[in-house]
>>> print(open('upload00.cif').read())   # mmCIF, C-alpha atoms; chains and numbers go by the auth columns
data_run
loop_
_atom_site.group_PDB
_atom_site.id
_atom_site.type_symbol
_atom_site.label_atom_id
_atom_site.label_comp_id
_atom_site.label_asym_id
_atom_site.label_seq_id
_atom_site.Cartn_x
_atom_site.Cartn_y
_atom_site.Cartn_z
_atom_site.B_iso_or_equiv
_atom_site.auth_seq_id
_atom_site.auth_asym_id
ATOM 1 C CA MET A 1 138.580 -15.733 176.176 0.00 162 U
ATOM 2 C CA ASN A 2 138.307 -19.359 177.173 0.00 163 U
ATOM 3 C CA ALA A 3 140.398 -20.157 180.267 0.00 164 U
ATOM 4 C CA SER A 4 141.951 -23.167 178.507 0.00 165 U
ATOM 5 C CA ALA A 5 142.799 -21.248 175.324 0.00 166 U
ATOM 6 C CA ARG A 6 146.456 -20.499 174.729 0.00 167 U
ATOM 7 C CA PRO A 7 147.849 -17.767 172.509 0.00 168 U
ATOM 8 C CA ILE A 8 149.034 -18.924 169.117 0.00 169 U
ATOM 9 C CA SER A 9 152.736 -18.692 168.306 0.00 170 U
ATOM 10 C CA ILE A 10 153.603 -17.590 164.787 0.00 171 U
ATOM 11 C CA LEU A 11 156.448 -19.330 162.952 0.00 172 U
ATOM 12 C CA VAL A 12 157.800 -17.662 159.797 0.00 173 U
ATOM 13 C CA ALA A 13 160.136 -19.452 157.379 0.00 174 U
ATOM 14 C CA ASP A 14 162.026 -17.041 155.153 0.00 175 U
ATOM 15 C CA ASP A 15 165.634 -17.006 153.989 0.00 176 U
ATOM 16 C CA ASP A 16 165.792 -13.238 153.452 0.00 177 U
ATOM 17 C CA ALA A 17 166.628 -11.123 156.511 0.00 178 U
ATOM 18 C CA ASP A 18 164.926 -8.037 155.045 0.00 179 U
ATOM 19 C CA ASP A 19 161.722 -9.998 154.420 0.00 180 U
ATOM 20 C CA ARG A 20 161.780 -11.321 157.992 0.00 181 U
ATOM 21 C CA LEU A 21 162.140 -7.776 159.294 0.00 182 U
ATOM 22 C CA MET A 22 159.291 -6.521 157.091 0.00 183 U
ATOM 23 C CA ALA A 23 157.057 -9.373 158.283 0.00 184 U
ATOM 24 C CA LYS A 24 157.838 -8.525 161.896 0.00 185 U
ATOM 25 C CA GLU A 25 157.133 -4.837 161.359 0.00 186 U
ATOM 26 C CA ALA A 26 153.830 -5.611 159.594 0.00 187 U
ATOM 27 C CA LEU A 27 152.717 -7.849 162.465 0.00 188 U
ATOM 28 C CA ASP A 28 153.826 -5.222 164.996 0.00 189 U
ATOM 29 C CA GLU A 29 151.661 -2.641 163.218 0.00 190 U
ATOM 30 C CA CYS A 30 148.687 -4.972 163.672 0.00 191 U
ATOM 31 C CA ARG A 31 149.469 -4.965 167.391 0.00 192 U
ATOM 32 C CA LEU A 32 149.403 -8.724 167.622 0.00 193 U
ATOM 33 C CA SER A 33 150.537 -10.049 170.959 0.00 194 U
ATOM 34 C CA ASN A 34 151.429 -13.451 169.552 0.00 195 U
ATOM 35 C CA GLU A 35 154.899 -14.837 170.055 0.00 196 U
ATOM 36 C CA LEU A 36 156.833 -14.603 166.770 0.00 197 U
ATOM 37 C CA HIS A 37 159.629 -16.976 165.718 0.00 198 U
ATOM 38 C CA PHE A 38 161.695 -17.328 162.567 0.00 199 U
ATOM 39 C CA VAL A 39 163.535 -20.104 160.753 0.00 200 U
ATOM 40 C CA GLU A 40 165.661 -19.389 157.701 0.00 201 U
ATOM 41 C CA ASP A 41 164.927 -22.299 155.380 0.00 202 U
ATOM 42 C CA GLY A 42 162.772 -25.314 154.671 0.00 203 U
ATOM 43 C CA VAL A 43 165.200 -27.726 156.294 0.00 204 U
ATOM 44 C CA ASP A 44 165.066 -25.786 159.578 0.00 205 U
ATOM 45 C CA LEU A 45 161.283 -25.570 159.281 0.00 206 U
ATOM 46 C CA LEU A 46 160.805 -29.310 158.765 0.00 207 U
ATOM 47 C CA ASN A 47 163.236 -30.134 161.553 0.00 208 U
ATOM 48 C CA TYR A 48 161.344 -27.808 163.887 0.00 209 U
ATOM 49 C CA LEU A 49 157.970 -29.282 162.947 0.00 210 U
ATOM 50 C CA ARG A 50 159.333 -32.795 163.500 0.00 211 U
ATOM 51 C CA GLY A 51 160.676 -31.775 166.895 0.00 212 U
ATOM 52 C CA GLN A 52 164.254 -32.331 165.778 0.00 213 U
ATOM 53 C CA ALA A 53 165.482 -28.763 166.010 0.00 214 U
ATOM 54 C CA ALA A 54 166.303 -26.251 168.645 0.00 215 U
ATOM 55 C CA THR A 55 163.809 -23.483 169.314 0.00 216 U
ATOM 56 C CA PRO A 56 163.656 -21.086 166.374 0.00 217 U
ATOM 57 C CA ARG A 57 164.984 -17.592 166.728 0.00 218 U
ATOM 58 C CA ARG A 58 162.839 -14.900 168.191 0.00 219 U
ATOM 59 C CA ALA A 59 161.852 -11.959 166.059 0.00 220 U
ATOM 60 C CA PRO A 60 164.653 -9.538 165.272 0.00 221 U
ATOM 61 C CA PRO A 61 164.751 -6.438 167.433 0.00 222 U
ATOM 62 C CA ARG A 62 162.821 -3.426 166.192 0.00 223 U
ATOM 63 C CA VAL A 63 164.981 -1.029 164.213 0.00 224 U
ATOM 64 C CA ARG A 64 164.830 2.490 165.608 0.00 225 U
ATOM 65 C CA ALA A 65 165.028 5.338 163.106 0.00 226 U
#
>>> encode(input="upload00.cif", output="structure tokens")
Amino acid sequence: MNASARPISILVADDDADDRLMAKEALDECRLSNELHFVEDGVDLLNYLRGQAATPRRAPPRVRA
């Protein structure tokens, strides 16, 4: 890996908590080491992209069965 390369953060915009959890679990299964963040709607997403919002939430904790 290039010394100047940085890992890519993944930002997911989804208003459904179950869908956010499924997305996190799917990415976990792929064993991605990328940082994962969530916003709940388009307004939060646009504000984040414009630099007008607080840091999005981290991925929800893994549910243990």
>>> atom_distance(input="upload00.cif", atom1="CA of Gly203 in chain U", atom2="CA of Glu186 in chain U")
22.3 Å
>>> resolve_selection(input="upload00.cif", expression="the PyMOL selection byres ((chain U and resi 174) around 7)", output="JSON, numbers by chain")
{"U": [172, 173, 175, 176, 199, 200, 201, 202, 203, 206]}
>>> axis_aligned_box(input="upload00.cif", around="range 176-189 of chain U", padding_each_side="6 Å", output="AutoDock Vina command-line options")
--center_x 159.7 --center_y -10.9 --center_z 159.2 --size_x 25.9 --size_y 24.2 --size_z 23.5
>>> atom_distance(input="upload00.cif", atom1="CA of Leu210 in chain U", atom2="CA of Leu193 in chain U")
22.8 Å
>>> residues_around(input="upload00.cif", residues="Asn195 in chain U", least_positions_apart="3", cutoff="9 Å", atoms="all atoms listed in the file", output="list in words")
Pro168, Ile169, Ser170, Ile171 and Arg192 of chain U
>>> resolve_selection(input="upload00.cif", expression="the PyMOL selection byres ((chain U and resi 185) around 10)", output="ChimeraX atom specification")
/U:173,179-184,186-191,197-199,220-223
